[in-house]
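Structure below is protein.cif: mmCIF, N, CA and C atoms.
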```cif
data_start
#
loop_
_atom_site.label_atom_id
_atom_site.label_comp_id
_atom_site.auth_asym_id
_atom_site.auth_seq_id
_atom_site.Cartn_x
_atom_site.Cartn_y
_atom_site.Cartn_z
N MET A 798 10.61 -40.64 6.16
CA MET A 798 11.57 -40.74 5.09
C MET A 798 10.90 -40.55 3.72
N ILE A 799 9.77 -41.22 3.51
CA ILE A 799 9.07 -41.08 2.24
C ILE A 799 8.62 -39.64 2.04
N GLY A 800 8.13 -39.00 3.12
CA GLY A 800 7.71 -37.60 3.03
C GLY A 800 8.85 -36.68 2.63
N MET A 801 10.04 -36.92 3.19
CA MET A 801 11.20 -36.10 2.84
C MET A 801 11.57 -36.32 1.37
N LEU A 802 11.51 -37.57 0.92
CA LEU A 802 11.83 -37.86 -0.47
C LEU A 802 10.84 -37.17 -1.41
N ALA A 803 9.55 -37.23 -1.06
CA ALA A 803 8.54 -36.57 -1.88
C ALA A 803 8.79 -35.07 -1.94
N ALA A 804 9.15 -34.46 -0.81
CA ALA A 804 9.43 -33.02 -0.78
C ALA A 804 10.63 -32.68 -1.66
N LEU A 805 11.68 -33.52 -1.64
CA LEU A 805 12.85 -33.28 -2.47
C LEU A 805 12.51 -33.41 -3.95
N VAL A 806 11.69 -34.40 -4.29
CA VAL A 806 11.28 -34.57 -5.68
C VAL A 806 10.51 -33.34 -6.14
N LEU A 807 9.58 -32.86 -5.30
CA LEU A 807 8.79 -31.68 -5.65
C LEU A 807 9.70 -30.47 -5.84
N GLN A 808 10.66 -30.27 -4.92
CA GLN A 808 11.54 -29.12 -5.02
C GLN A 808 12.46 -29.19 -6.23
N SER A 809 12.87 -30.41 -6.60
CA SER A 809 13.82 -30.52 -7.71
C SER A 809 13.13 -30.66 -9.05
N SER A 810 11.82 -30.73 -9.04
CA SER A 810 11.09 -30.87 -10.30
C SER A 810 11.17 -29.58 -11.09
N SER A 811 10.49 -29.58 -12.21
CA SER A 811 10.55 -28.41 -13.08
C SER A 811 9.50 -27.37 -12.73
N MET A 812 9.06 -27.35 -11.50
CA MET A 812 8.05 -26.37 -11.08
C MET A 812 8.57 -24.96 -11.34
N PRO A 813 7.66 -24.05 -11.70
CA PRO A 813 8.06 -22.66 -11.98
C PRO A 813 8.73 -21.98 -10.78
N ARG A 814 9.70 -21.10 -11.06
CA ARG A 814 10.42 -20.39 -10.00
C ARG A 814 10.10 -18.89 -9.98
N TYR A 815 9.71 -18.31 -11.11
CA TYR A 815 9.32 -16.90 -11.22
C TYR A 815 10.44 -15.93 -10.83
N PRO A 816 11.62 -16.03 -11.42
CA PRO A 816 12.73 -15.16 -11.01
C PRO A 816 12.56 -13.69 -11.38
N ASP A 817 11.68 -13.38 -12.33
CA ASP A 817 11.55 -12.00 -12.79
C ASP A 817 10.41 -11.24 -12.11
N LEU A 818 9.73 -11.88 -11.16
CA LEU A 818 8.62 -11.23 -10.46
C LEU A 818 9.11 -10.55 -9.19
N PRO A 819 8.34 -9.60 -8.67
CA PRO A 819 8.67 -9.06 -7.34
C PRO A 819 8.77 -10.23 -6.35
N PRO A 820 9.74 -10.21 -5.46
CA PRO A 820 9.98 -11.36 -4.58
C PRO A 820 8.76 -11.86 -3.81
N ASP A 821 7.94 -10.95 -3.28
CA ASP A 821 6.78 -11.40 -2.50
C ASP A 821 5.73 -12.09 -3.38
N LEU A 822 5.59 -11.63 -4.62
CA LEU A 822 4.67 -12.27 -5.55
C LEU A 822 5.22 -13.63 -5.99
N ALA A 823 6.52 -13.71 -6.23
CA ALA A 823 7.13 -14.98 -6.62
C ALA A 823 6.93 -16.03 -5.53
N VAL A 824 7.09 -15.63 -4.28
CA VAL A 824 6.88 -16.57 -3.15
C VAL A 824 5.43 -17.05 -3.15
N ALA A 825 4.49 -16.14 -3.33
CA ALA A 825 3.07 -16.51 -3.33
C ALA A 825 2.74 -17.41 -4.52
N ALA A 826 3.28 -17.10 -5.70
CA ALA A 826 3.01 -17.90 -6.90
C ALA A 826 3.56 -19.31 -6.74
N ARG A 827 4.78 -19.43 -6.20
CA ARG A 827 5.35 -20.76 -5.96
C ARG A 827 4.52 -21.53 -4.94
N ALA A 828 4.07 -20.84 -3.90
CA ALA A 828 3.25 -21.49 -2.88
C ALA A 828 1.93 -21.98 -3.47
N PHE A 829 1.33 -21.20 -4.37
CA PHE A 829 0.08 -21.59 -5.01
C PHE A 829 0.30 -22.83 -5.88
N ASP A 830 1.36 -22.84 -6.67
CA ASP A 830 1.66 -24.00 -7.51
C ASP A 830 1.86 -25.25 -6.64
N GLU A 831 2.64 -25.11 -5.59
CA GLU A 831 2.92 -26.25 -4.71
C GLU A 831 1.67 -26.71 -3.98
N ALA A 832 0.81 -25.78 -3.58
CA ALA A 832 -0.44 -26.16 -2.90
C ALA A 832 -1.34 -26.97 -3.81
N GLN A 833 -1.36 -26.63 -5.09
CA GLN A 833 -2.16 -27.41 -6.04
C GLN A 833 -1.60 -28.82 -6.18
N VAL A 834 -0.29 -28.94 -6.31
CA VAL A 834 0.35 -30.24 -6.48
C VAL A 834 0.19 -31.10 -5.22
N LYS A 835 0.31 -30.48 -4.07
CA LYS A 835 0.22 -31.22 -2.80
C LYS A 835 -1.22 -31.43 -2.33
N GLY A 836 -2.19 -30.75 -2.96
CA GLY A 836 -3.56 -30.82 -2.48
C GLY A 836 -3.69 -30.22 -1.08
N ASP A 837 -2.97 -29.12 -0.85
CA ASP A 837 -2.90 -28.47 0.46
C ASP A 837 -4.03 -27.47 0.63
N GLY A 838 -5.13 -27.91 1.22
CA GLY A 838 -6.30 -27.08 1.39
C GLY A 838 -6.06 -25.84 2.25
N ILE A 839 -5.21 -25.97 3.25
CA ILE A 839 -4.92 -24.82 4.13
C ILE A 839 -4.21 -23.72 3.33
N ALA A 840 -3.22 -24.11 2.53
CA ALA A 840 -2.51 -23.12 1.72
C ALA A 840 -3.44 -22.54 0.65
N LEU A 841 -4.26 -23.37 0.03
CA LEU A 841 -5.19 -22.86 -0.98
C LEU A 841 -6.17 -21.88 -0.36
N GLU A 842 -6.63 -22.15 0.84
CA GLU A 842 -7.54 -21.24 1.55
C GLU A 842 -6.89 -19.87 1.71
N ARG A 843 -5.60 -19.84 2.00
CA ARG A 843 -4.86 -18.59 2.21
C ARG A 843 -4.58 -17.87 0.88
N LEU A 844 -4.30 -18.63 -0.18
CA LEU A 844 -3.83 -18.05 -1.43
C LEU A 844 -4.93 -17.68 -2.41
N LEU A 845 -6.12 -18.22 -2.22
CA LEU A 845 -7.27 -17.86 -3.05
C LEU A 845 -8.11 -16.82 -2.32
N ALA A 846 -8.47 -15.76 -3.00
CA ALA A 846 -9.32 -14.72 -2.40
C ALA A 846 -10.72 -15.30 -2.14
N ASP A 847 -11.40 -14.75 -1.16
CA ASP A 847 -12.75 -15.23 -0.85
C ASP A 847 -13.68 -15.08 -2.04
N ASP A 848 -13.43 -14.06 -2.88
CA ASP A 848 -14.27 -13.84 -4.06
C ASP A 848 -13.68 -14.48 -5.33
N TYR A 849 -12.78 -15.43 -5.15
CA TYR A 849 -12.13 -16.12 -6.27
C TYR A 849 -13.16 -16.74 -7.21
N LEU A 850 -12.86 -16.67 -8.51
CA LEU A 850 -13.71 -17.29 -9.52
C LEU A 850 -12.80 -17.97 -10.55
N LEU A 851 -13.12 -19.21 -10.88
CA LEU A 851 -12.44 -19.95 -11.93
C LEU A 851 -13.42 -20.20 -13.06
N VAL A 852 -12.99 -19.93 -14.29
CA VAL A 852 -13.71 -20.40 -15.46
C VAL A 852 -12.85 -21.55 -15.97
N ASN A 853 -13.34 -22.79 -15.78
CA ASN A 853 -12.51 -23.96 -16.06
C ASN A 853 -12.49 -24.32 -17.53
N SER A 854 -11.75 -25.39 -17.84
CA SER A 854 -11.54 -25.76 -19.24
C SER A 854 -12.80 -26.27 -19.92
N GLN A 855 -13.86 -26.55 -19.15
CA GLN A 855 -15.15 -26.90 -19.74
C GLN A 855 -16.08 -25.69 -19.84
N GLY A 856 -15.57 -24.51 -19.47
CA GLY A 856 -16.36 -23.29 -19.55
C GLY A 856 -17.30 -23.08 -18.37
N LYS A 857 -17.16 -23.88 -17.32
CA LYS A 857 -18.01 -23.75 -16.13
C LYS A 857 -17.31 -22.91 -15.08
N THR A 858 -18.08 -22.19 -14.28
CA THR A 858 -17.50 -21.38 -13.22
C THR A 858 -17.44 -22.17 -11.92
N GLU A 859 -16.39 -21.91 -11.16
CA GLU A 859 -16.19 -22.52 -9.85
C GLU A 859 -15.77 -21.45 -8.86
N THR A 860 -16.16 -21.64 -7.62
CA THR A 860 -15.80 -20.73 -6.54
C THR A 860 -14.54 -21.23 -5.84
N LYS A 861 -14.09 -20.47 -4.87
CA LYS A 861 -12.96 -20.86 -4.04
C LYS A 861 -13.25 -22.21 -3.38
N ALA A 862 -14.43 -22.36 -2.81
CA ALA A 862 -14.78 -23.62 -2.13
C ALA A 862 -14.76 -24.79 -3.11
N ASP A 863 -15.28 -24.58 -4.33
CA ASP A 863 -15.27 -25.63 -5.34
C ASP A 863 -13.84 -26.04 -5.69
N PHE A 864 -12.98 -25.05 -5.89
CA PHE A 864 -11.58 -25.30 -6.26
C PHE A 864 -10.89 -26.12 -5.18
N ILE A 865 -11.03 -25.69 -3.94
CA ILE A 865 -10.38 -26.39 -2.83
C ILE A 865 -10.94 -27.80 -2.69
N ARG A 866 -12.24 -27.95 -2.83
CA ARG A 866 -12.86 -29.29 -2.76
C ARG A 866 -12.27 -30.20 -3.83
N ASP A 867 -12.14 -29.69 -5.05
CA ASP A 867 -11.61 -30.49 -6.15
C ASP A 867 -10.17 -30.91 -5.91
N TYR A 868 -9.32 -29.97 -5.49
CA TYR A 868 -7.90 -30.25 -5.34
C TYR A 868 -7.56 -31.06 -4.09
N THR A 869 -8.49 -31.17 -3.16
CA THR A 869 -8.24 -31.96 -1.95
C THR A 869 -9.08 -33.24 -1.92
N ALA A 870 -9.81 -33.51 -2.99
CA ALA A 870 -10.69 -34.69 -3.03
C ALA A 870 -9.88 -35.99 -3.05
N PRO A 871 -10.37 -37.01 -2.36
CA PRO A 871 -9.73 -38.33 -2.47
C PRO A 871 -9.73 -38.77 -3.94
N GLY A 872 -8.62 -39.34 -4.38
CA GLY A 872 -8.53 -39.79 -5.77
C GLY A 872 -8.11 -38.71 -6.75
N PHE A 873 -7.83 -37.48 -6.25
CA PHE A 873 -7.38 -36.41 -7.14
C PHE A 873 -5.89 -36.18 -6.91
N SER A 874 -5.16 -36.02 -8.00
CA SER A 874 -3.76 -35.59 -7.92
C SER A 874 -3.46 -34.69 -9.10
N PHE A 875 -2.49 -33.81 -8.90
CA PHE A 875 -2.04 -32.87 -9.93
C PHE A 875 -0.52 -32.93 -9.89
N ALA A 876 0.07 -33.48 -10.93
CA ALA A 876 1.52 -33.71 -10.96
C ALA A 876 2.30 -32.40 -11.08
N PRO A 877 3.54 -32.38 -10.57
CA PRO A 877 4.40 -31.22 -10.79
C PRO A 877 4.44 -30.87 -12.27
N PHE A 878 4.59 -29.59 -12.57
CA PHE A 878 4.46 -29.12 -13.94
C PHE A 878 5.45 -28.00 -14.23
N SER A 879 5.60 -27.71 -15.50
CA SER A 879 6.34 -26.53 -15.93
C SER A 879 5.39 -25.72 -16.80
N ILE A 880 5.71 -24.46 -16.94
CA ILE A 880 4.89 -23.55 -17.74
C ILE A 880 5.65 -23.20 -19.01
N GLN A 881 5.02 -23.48 -20.15
CA GLN A 881 5.59 -23.06 -21.43
C GLN A 881 4.91 -21.75 -21.85
N LYS A 882 5.62 -20.99 -22.64
CA LYS A 882 5.11 -19.69 -23.11
C LYS A 882 4.56 -18.87 -21.94
N PRO A 883 5.38 -18.68 -20.89
CA PRO A 883 4.87 -17.98 -19.71
C PRO A 883 4.48 -16.53 -19.99
N VAL A 884 3.44 -16.11 -19.29
CA VAL A 884 2.98 -14.72 -19.29
C VAL A 884 3.14 -14.23 -17.87
N GLU A 885 3.92 -13.17 -17.68
CA GLU A 885 4.15 -12.60 -16.35
C GLU A 885 4.09 -11.09 -16.46
N LYS A 886 2.97 -10.52 -16.05
CA LYS A 886 2.78 -9.08 -16.05
C LYS A 886 2.42 -8.68 -14.63
N ALA A 887 3.22 -7.84 -14.01
CA ALA A 887 2.97 -7.45 -12.63
C ALA A 887 3.04 -5.94 -12.49
N TRP A 888 2.23 -5.40 -11.59
CA TRP A 888 2.25 -4.00 -11.22
C TRP A 888 2.08 -3.95 -9.71
N ALA A 889 2.01 -2.80 -9.12
CA ALA A 889 2.07 -2.66 -7.66
C ALA A 889 1.03 -3.49 -6.91
N THR A 890 -0.19 -3.55 -7.42
CA THR A 890 -1.25 -4.24 -6.67
C THR A 890 -1.92 -5.37 -7.45
N GLY A 891 -1.31 -5.78 -8.56
CA GLY A 891 -1.92 -6.84 -9.35
C GLY A 891 -0.94 -7.51 -10.27
N ALA A 892 -1.36 -8.64 -10.81
CA ALA A 892 -0.51 -9.37 -11.74
C ALA A 892 -1.35 -10.35 -12.55
N VAL A 893 -0.84 -10.67 -13.72
CA VAL A 893 -1.37 -11.74 -14.55
C VAL A 893 -0.23 -12.73 -14.73
N LEU A 894 -0.45 -13.97 -14.32
CA LEU A 894 0.53 -15.04 -14.50
C LEU A 894 -0.15 -16.16 -15.25
N GLY A 895 0.46 -16.64 -16.30
CA GLY A 895 -0.17 -17.70 -17.07
C GLY A 895 0.77 -18.34 -18.05
N GLY A 896 0.19 -19.07 -18.98
CA GLY A 896 0.95 -19.76 -20.00
C GLY A 896 0.29 -21.06 -20.38
N MET A 897 1.11 -21.97 -20.87
CA MET A 897 0.65 -23.30 -21.30
C MET A 897 1.18 -24.33 -20.32
N VAL A 898 0.32 -25.31 -20.00
CA VAL A 898 0.69 -26.37 -19.07
C VAL A 898 0.24 -27.71 -19.64
N ASP A 899 1.11 -28.69 -19.57
CA ASP A 899 0.72 -30.08 -19.84
C ASP A 899 0.40 -30.67 -18.47
N ALA A 900 -0.88 -30.65 -18.12
CA ALA A 900 -1.31 -31.10 -16.80
C ALA A 900 -1.67 -32.58 -16.86
N HIS A 901 -1.26 -33.28 -15.81
CA HIS A 901 -1.67 -34.67 -15.70
C HIS A 901 -1.73 -35.08 -14.23
N GLY A 902 -2.48 -36.11 -13.99
CA GLY A 902 -2.67 -36.62 -12.64
C GLY A 902 -3.82 -37.59 -12.64
N THR A 903 -4.60 -37.57 -11.54
CA THR A 903 -5.78 -38.41 -11.45
C THR A 903 -6.96 -37.58 -10.95
N SER A 904 -8.13 -37.96 -11.39
CA SER A 904 -9.38 -37.34 -10.94
C SER A 904 -10.39 -38.46 -10.76
N GLY A 905 -10.92 -38.56 -9.55
CA GLY A 905 -11.81 -39.69 -9.26
C GLY A 905 -11.08 -41.01 -9.40
N GLY A 906 -9.77 -40.98 -9.22
CA GLY A 906 -8.96 -42.18 -9.34
C GLY A 906 -8.60 -42.57 -10.77
N LYS A 907 -9.06 -41.79 -11.75
CA LYS A 907 -8.77 -42.09 -13.16
C LYS A 907 -7.73 -41.10 -13.69
N ALA A 908 -6.81 -41.60 -14.47
CA ALA A 908 -5.74 -40.76 -15.03
C ALA A 908 -6.31 -39.75 -16.02
N TYR A 909 -5.71 -38.55 -16.02
CA TYR A 909 -6.05 -37.54 -17.02
C TYR A 909 -4.76 -36.90 -17.51
N ALA A 910 -4.82 -36.36 -18.70
CA ALA A 910 -3.73 -35.57 -19.28
C ALA A 910 -4.39 -34.54 -20.18
N ILE A 911 -4.00 -33.28 -20.00
CA ILE A 911 -4.60 -32.20 -20.77
C ILE A 911 -3.56 -31.10 -20.99
N ARG A 912 -3.55 -30.54 -22.17
CA ARG A 912 -2.72 -29.36 -22.46
C ARG A 912 -3.65 -28.17 -22.37
N MET A 913 -3.29 -27.23 -21.48
CA MET A 913 -4.15 -26.07 -21.22
C MET A 913 -3.38 -24.77 -21.35
N ARG A 914 -4.11 -23.75 -21.73
CA ARG A 914 -3.64 -22.36 -21.63
C ARG A 914 -4.43 -21.76 -20.47
N PHE A 915 -3.73 -21.07 -19.58
CA PHE A 915 -4.39 -20.51 -18.41
C PHE A 915 -3.86 -19.12 -18.09
N ALA A 916 -4.65 -18.40 -17.32
CA ALA A 916 -4.23 -17.11 -16.77
C ALA A 916 -4.77 -17.00 -15.36
N ASP A 917 -3.89 -16.73 -14.41
CA ASP A 917 -4.27 -16.43 -13.03
C ASP A 917 -4.14 -14.93 -12.83
N ILE A 918 -5.18 -14.32 -12.30
CA ILE A 918 -5.15 -12.89 -11.98
C ILE A 918 -4.94 -12.78 -10.48
N TRP A 919 -3.89 -12.06 -10.10
CA TRP A 919 -3.52 -11.88 -8.70
C TRP A 919 -3.82 -10.45 -8.27
N ALA A 920 -4.19 -10.29 -7.01
CA ALA A 920 -4.38 -8.96 -6.43
C ALA A 920 -3.63 -8.92 -5.09
N LYS A 921 -3.00 -7.79 -4.83
CA LYS A 921 -2.35 -7.58 -3.54
C LYS A 921 -3.31 -6.78 -2.68
N ARG A 922 -3.87 -7.46 -1.68
CA ARG A 922 -4.86 -6.85 -0.80
C ARG A 922 -4.35 -6.92 0.64
N ASN A 923 -4.39 -5.80 1.31
CA ASN A 923 -3.92 -5.74 2.70
C ASN A 923 -2.53 -6.37 2.85
N GLY A 924 -1.68 -6.11 1.86
CA GLY A 924 -0.29 -6.54 1.92
C GLY A 924 -0.03 -7.99 1.54
N LYS A 925 -1.06 -8.74 1.12
CA LYS A 925 -0.80 -10.13 0.72
C LYS A 925 -1.38 -10.42 -0.65
N TRP A 926 -0.65 -11.25 -1.39
CA TRP A 926 -1.04 -11.64 -2.73
C TRP A 926 -2.02 -12.81 -2.69
N GLN A 927 -3.10 -12.69 -3.47
CA GLN A 927 -4.07 -13.77 -3.61
C GLN A 927 -4.54 -13.84 -5.06
N VAL A 928 -4.87 -15.06 -5.49
CA VAL A 928 -5.46 -15.25 -6.81
C VAL A 928 -6.94 -14.89 -6.70
N ILE A 929 -7.40 -14.00 -7.60
CA ILE A 929 -8.81 -13.59 -7.57
C ILE A 929 -9.60 -14.19 -8.73
N TYR A 930 -8.89 -14.61 -9.81
CA TYR A 930 -9.60 -15.12 -10.98
C TYR A 930 -8.65 -16.00 -11.78
N THR A 931 -9.18 -17.09 -12.30
CA THR A 931 -8.42 -17.95 -13.21
C THR A 931 -9.30 -18.29 -14.40
N GLN A 932 -8.71 -18.25 -15.58
CA GLN A 932 -9.38 -18.77 -16.76
C GLN A 932 -8.47 -19.83 -17.36
N ALA A 933 -9.06 -20.98 -17.67
CA ALA A 933 -8.32 -22.09 -18.26
C ALA A 933 -9.12 -22.64 -19.44
N ARG A 934 -8.40 -23.01 -20.47
CA ARG A 934 -9.07 -23.61 -21.63
C ARG A 934 -8.14 -24.65 -22.24
N HIS A 935 -8.74 -25.57 -22.98
CA HIS A 935 -7.94 -26.55 -23.72
C HIS A 935 -7.09 -25.79 -24.74
N ALA A 936 -5.86 -26.22 -24.88
CA ALA A 936 -4.99 -25.63 -25.89
C ALA A 936 -5.51 -25.99 -27.28
N LEU A 937 -5.34 -25.09 -28.19
CA LEU A 937 -5.72 -25.36 -29.58
C LEU A 937 -4.65 -26.22 -30.24
N PRO A 938 -5.00 -26.98 -31.26
CA PRO A 938 -3.98 -27.75 -31.97
C PRO A 938 -2.84 -26.85 -32.43
N GLY A 939 -1.63 -27.29 -32.20
CA GLY A 939 -0.46 -26.53 -32.60
C GLY A 939 0.02 -25.52 -31.57
N GLU A 940 -0.73 -25.31 -30.51
CA GLU A 940 -0.29 -24.37 -29.47
C GLU A 940 0.77 -25.00 -28.61
#
```
Represent the supplied structure as structure tokens.
Amino acid sequence: MIGMLAALVLQSSSMPRYPDLPPDLAVAARAFDEAQVKGDGIALERLLADDYLLVNSQGKTETKADFIRDYTAPGFSFAPFSIQKPVEKAWATGAVLGGMVDAHGTSGGKAYAIRMRFADIWAKRNGKWQVIYTQARHALPGE
């Protein structure tokens, strides 16, 4: 019962829907967002390319394994979110999806809240969409 309630809350939250993207990319983007919120390592493994690279908000680089380890770590949570000032540019085999996010949750069991600007670079390889690169930074004052 609690699991069903949590799923309904996640579905009814303000999570991005991506109505203007090609349908297969929108499905992948929603799955990626939900995998981050749920800490779903299996989905993240599928949605992140093996050569994935993140430049995080501290300017450090992380690999696919690092990202999955962080999002599935005990004491880590990433709350449902909405994207302000969305950027959605898509072409046949690639896309840039990004914008501003007020991210909050827990890390190491301690609460965090951060306003970030991010960009996810997607590639369609062998018929499936995967994130190949992400850049995230702290939002500037007034952004």
### Message
Selection in question (the file shown): the PyMOL selection byres (((chain A and resi 856 and name CA) around 9) and name CA). Which residues does it include, as a ChimeraX atom specification?
### Response
/A:852-855,857-858,932-934
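Every residue that the PyMOL selection byres ((chain A and resi 902) around 7) selects in this file is listed here: Phe873, Ser874, Phe875, Ala876, Ala900, His901, Thr903, Ser904, Lys907, Ala908, Tyr909, Ala910 and Ile911 of chain A.
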### Task
Would you list, as a ChimeraX atom specification, the residues of region 819-882 of chain A that end up in strand (DSSP E) under DSSP run on this structure's backbone?
/A:845-852,858-860,874-875,880-882
Mind writing the picked residues with N, CA and C atoms as a PDB file, keeping the file's coordinate frame?
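Saved as result-v5.pdb:
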```pdb
ATOM      1  N   LEU A 845      -6.120 -18.220  -2.220  1.00  0.00           N
ATOM      2  CA  LEU A 845      -7.270 -17.860  -3.050  1.00  0.00           C
ATOM      3  C   LEU A 845      -8.110 -16.820  -2.320  1.00  0.00           C
ATOM      4  N   ALA A 846      -8.470 -15.760  -3.000  1.00  0.00           N
ATOM      5  CA  ALA A 846      -9.320 -14.720  -2.400  1.00  0.00           C
ATOM      6  C   ALA A 846     -10.720 -15.300  -2.140  1.00  0.00           C
ATOM      7  N   ASP A 847     -11.400 -14.750  -1.160  1.00  0.00           N
ATOM      8  CA  ASP A 847     -12.750 -15.230  -0.850  1.00  0.00           C
ATOM      9  C   ASP A 847     -13.680 -15.080  -2.040  1.00  0.00           C
ATOM     10  N   ASP A 848     -13.430 -14.060  -2.880  1.00  0.00           N
ATOM     11  CA  ASP A 848     -14.270 -13.840  -4.060  1.00  0.00           C
ATOM     12  C   ASP A 848     -13.680 -14.480  -5.330  1.00  0.00           C
ATOM     13  N   TYR A 849     -12.780 -15.430  -5.150  1.00  0.00           N
ATOM     14  CA  TYR A 849     -12.130 -16.120  -6.270  1.00  0.00           C
ATOM     15  C   TYR A 849     -13.160 -16.740  -7.210  1.00  0.00           C
ATOM     16  N   LEU A 850     -12.860 -16.670  -8.510  1.00  0.00           N
ATOM     17  CA  LEU A 850     -13.710 -17.290  -9.520  1.00  0.00           C
ATOM     18  C   LEU A 850     -12.800 -17.970 -10.550  1.00  0.00           C
ATOM     19  N   LEU A 851     -13.120 -19.210 -10.880  1.00  0.00           N
ATOM     20  CA  LEU A 851     -12.440 -19.950 -11.930  1.00  0.00           C
ATOM     21  C   LEU A 851     -13.420 -20.200 -13.060  1.00  0.00           C
ATOM     22  N   VAL A 852     -12.990 -19.930 -14.290  1.00  0.00           N
ATOM     23  CA  VAL A 852     -13.710 -20.400 -15.460  1.00  0.00           C
ATOM     24  C   VAL A 852     -12.850 -21.550 -15.970  1.00  0.00           C
ATOM     25  N   THR A 858     -18.080 -22.190 -14.280  1.00  0.00           N
ATOM     26  CA  THR A 858     -17.500 -21.380 -13.220  1.00  0.00           C
ATOM     27  C   THR A 858     -17.440 -22.170 -11.920  1.00  0.00           C
ATOM     28  N   GLU A 859     -16.390 -21.910 -11.160  1.00  0.00           N
ATOM     29  CA  GLU A 859     -16.190 -22.520  -9.850  1.00  0.00           C
ATOM     30  C   GLU A 859     -15.770 -21.450  -8.860  1.00  0.00           C
ATOM     31  N   THR A 860     -16.160 -21.640  -7.620  1.00  0.00           N
ATOM     32  CA  THR A 860     -15.800 -20.730  -6.540  1.00  0.00           C
ATOM     33  C   THR A 860     -14.540 -21.230  -5.840  1.00  0.00           C
ATOM     34  N   SER A 874      -5.160 -36.020  -8.000  1.00  0.00           N
ATOM     35  CA  SER A 874      -3.760 -35.590  -7.920  1.00  0.00           C
ATOM     36  C   SER A 874      -3.460 -34.690  -9.100  1.00  0.00           C
ATOM     37  N   PHE A 875      -2.490 -33.810  -8.900  1.00  0.00           N
ATOM     38  CA  PHE A 875      -2.040 -32.870  -9.930  1.00  0.00           C
ATOM     39  C   PHE A 875      -0.520 -32.930  -9.890  1.00  0.00           C
ATOM     40  N   ILE A 880       5.710 -24.460 -16.940  1.00  0.00           N
ATOM     41  CA  ILE A 880       4.890 -23.550 -17.740  1.00  0.00           C
ATOM     42  C   ILE A 880       5.650 -23.200 -19.010  1.00  0.00           C
ATOM     43  N   GLN A 881       5.020 -23.480 -20.150  1.00  0.00           N
ATOM     44  CA  GLN A 881       5.590 -23.060 -21.430  1.00  0.00           C
ATOM     45  C   GLN A 881       4.910 -21.750 -21.850  1.00  0.00           C
ATOM     46  N   LYS A 882       5.620 -20.990 -22.640  1.00  0.00           N
ATOM     47  CA  LYS A 882       5.110 -19.690 -23.110  1.00  0.00           C
ATOM     48  C   LYS A 882       4.560 -18.870 -21.940  1.00  0.00           C
TER      49      LYS A 882
END
```
### Message
Assuming the chain letters and numbering stay as they are in my file, what does the PyMOL selection byres ((chain A and resi 834) around 7) actually select? List them as an MDAnalysis selection string.
### Response
chainID A and resid 829:833 835:837 874:877
### Task
Taking the chain letters and numbering used in this document, name the residues of chain A that DSSP puts in helix (DSSP H, G or I), as a ChimeraX atom specification.
/A:799-809,820-835,838-844,861-869
### Query
What does the distance from CA of Tyr815 (chain A) to CA of Thr860 (chain A) come to in Å, to one decimal?
25.8 Å
### Message
So the first atom is CA of Trp888 (chain A) and the second is CA of Leu937 (chain A); what is the distance between them in Å, to one decimal place?
### Response
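Calculated distance between CA of Trp888 (chain A) and CA of Leu937 (chain A) is 29.3 Å.
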Report, as lines of an AutoDock Vina configuration file, the axis-aligned box around all atoms of region 848-864 of chain A present in the file, extended by 5 Å on each side; give centre and edge lengths in Å to one decimal place.
```
center_x = -14.5
center_y = -20.4
center_z = -11.0
size_x = 17.2
size_y = 23.1
size_z = 27.8
```
### Message
What's the separation between atom N of Pro820 (chain A) and CA of Gly838 (chain A), in Å to one decimal place?
### Response
24.3 Å
### Message
If we count only N, CA and C atoms and set the cut-off at 6 Å, which residues sit around Ala936 (chain A), ignoring sequence neighbours fewer than 4 positions away in its own chain? Please answer as a PyMOL selection string.
### Response
chain A and resi 912-914+940
### Task
Using all atoms listed in the file, pick whichever of A:Lys921, A:Ala823, A:Arg866, A:Ile929 has the shortest atom-to-atom distance to Gly891 (chain A).
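The shortest atom-to-atom distance to Gly891 (chain A) comes from A:Lys921.
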### Query
For Val898 (chain A), which residue out of A:Glu885, A:Ser879, A:Leu818, A:Arg827 is the nearest one, using only N, CA and C atoms?
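Of A:Glu885, A:Ser879, A:Leu818, A:Arg827, the one nearest Val898 (chain A), counting only N, CA and C atoms, is A:Ser879.
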### Message
If we count all atoms listed in the file and set the cut-off at 5 Å, which residues sit around Ile918 (chain A), ignoring sequence neighbours fewer than 5 positions away in its own chain? Please answer as a VMD selection string.
### Response
chain A and resid 892 to 893 928 to 931
#### Entry: Which residue of A:Pro871, A:Gly906, A:Trp919, A:Phe878 approaches Thr890 (chain A) most closely, using only N, CA and C atoms
A:Trp919
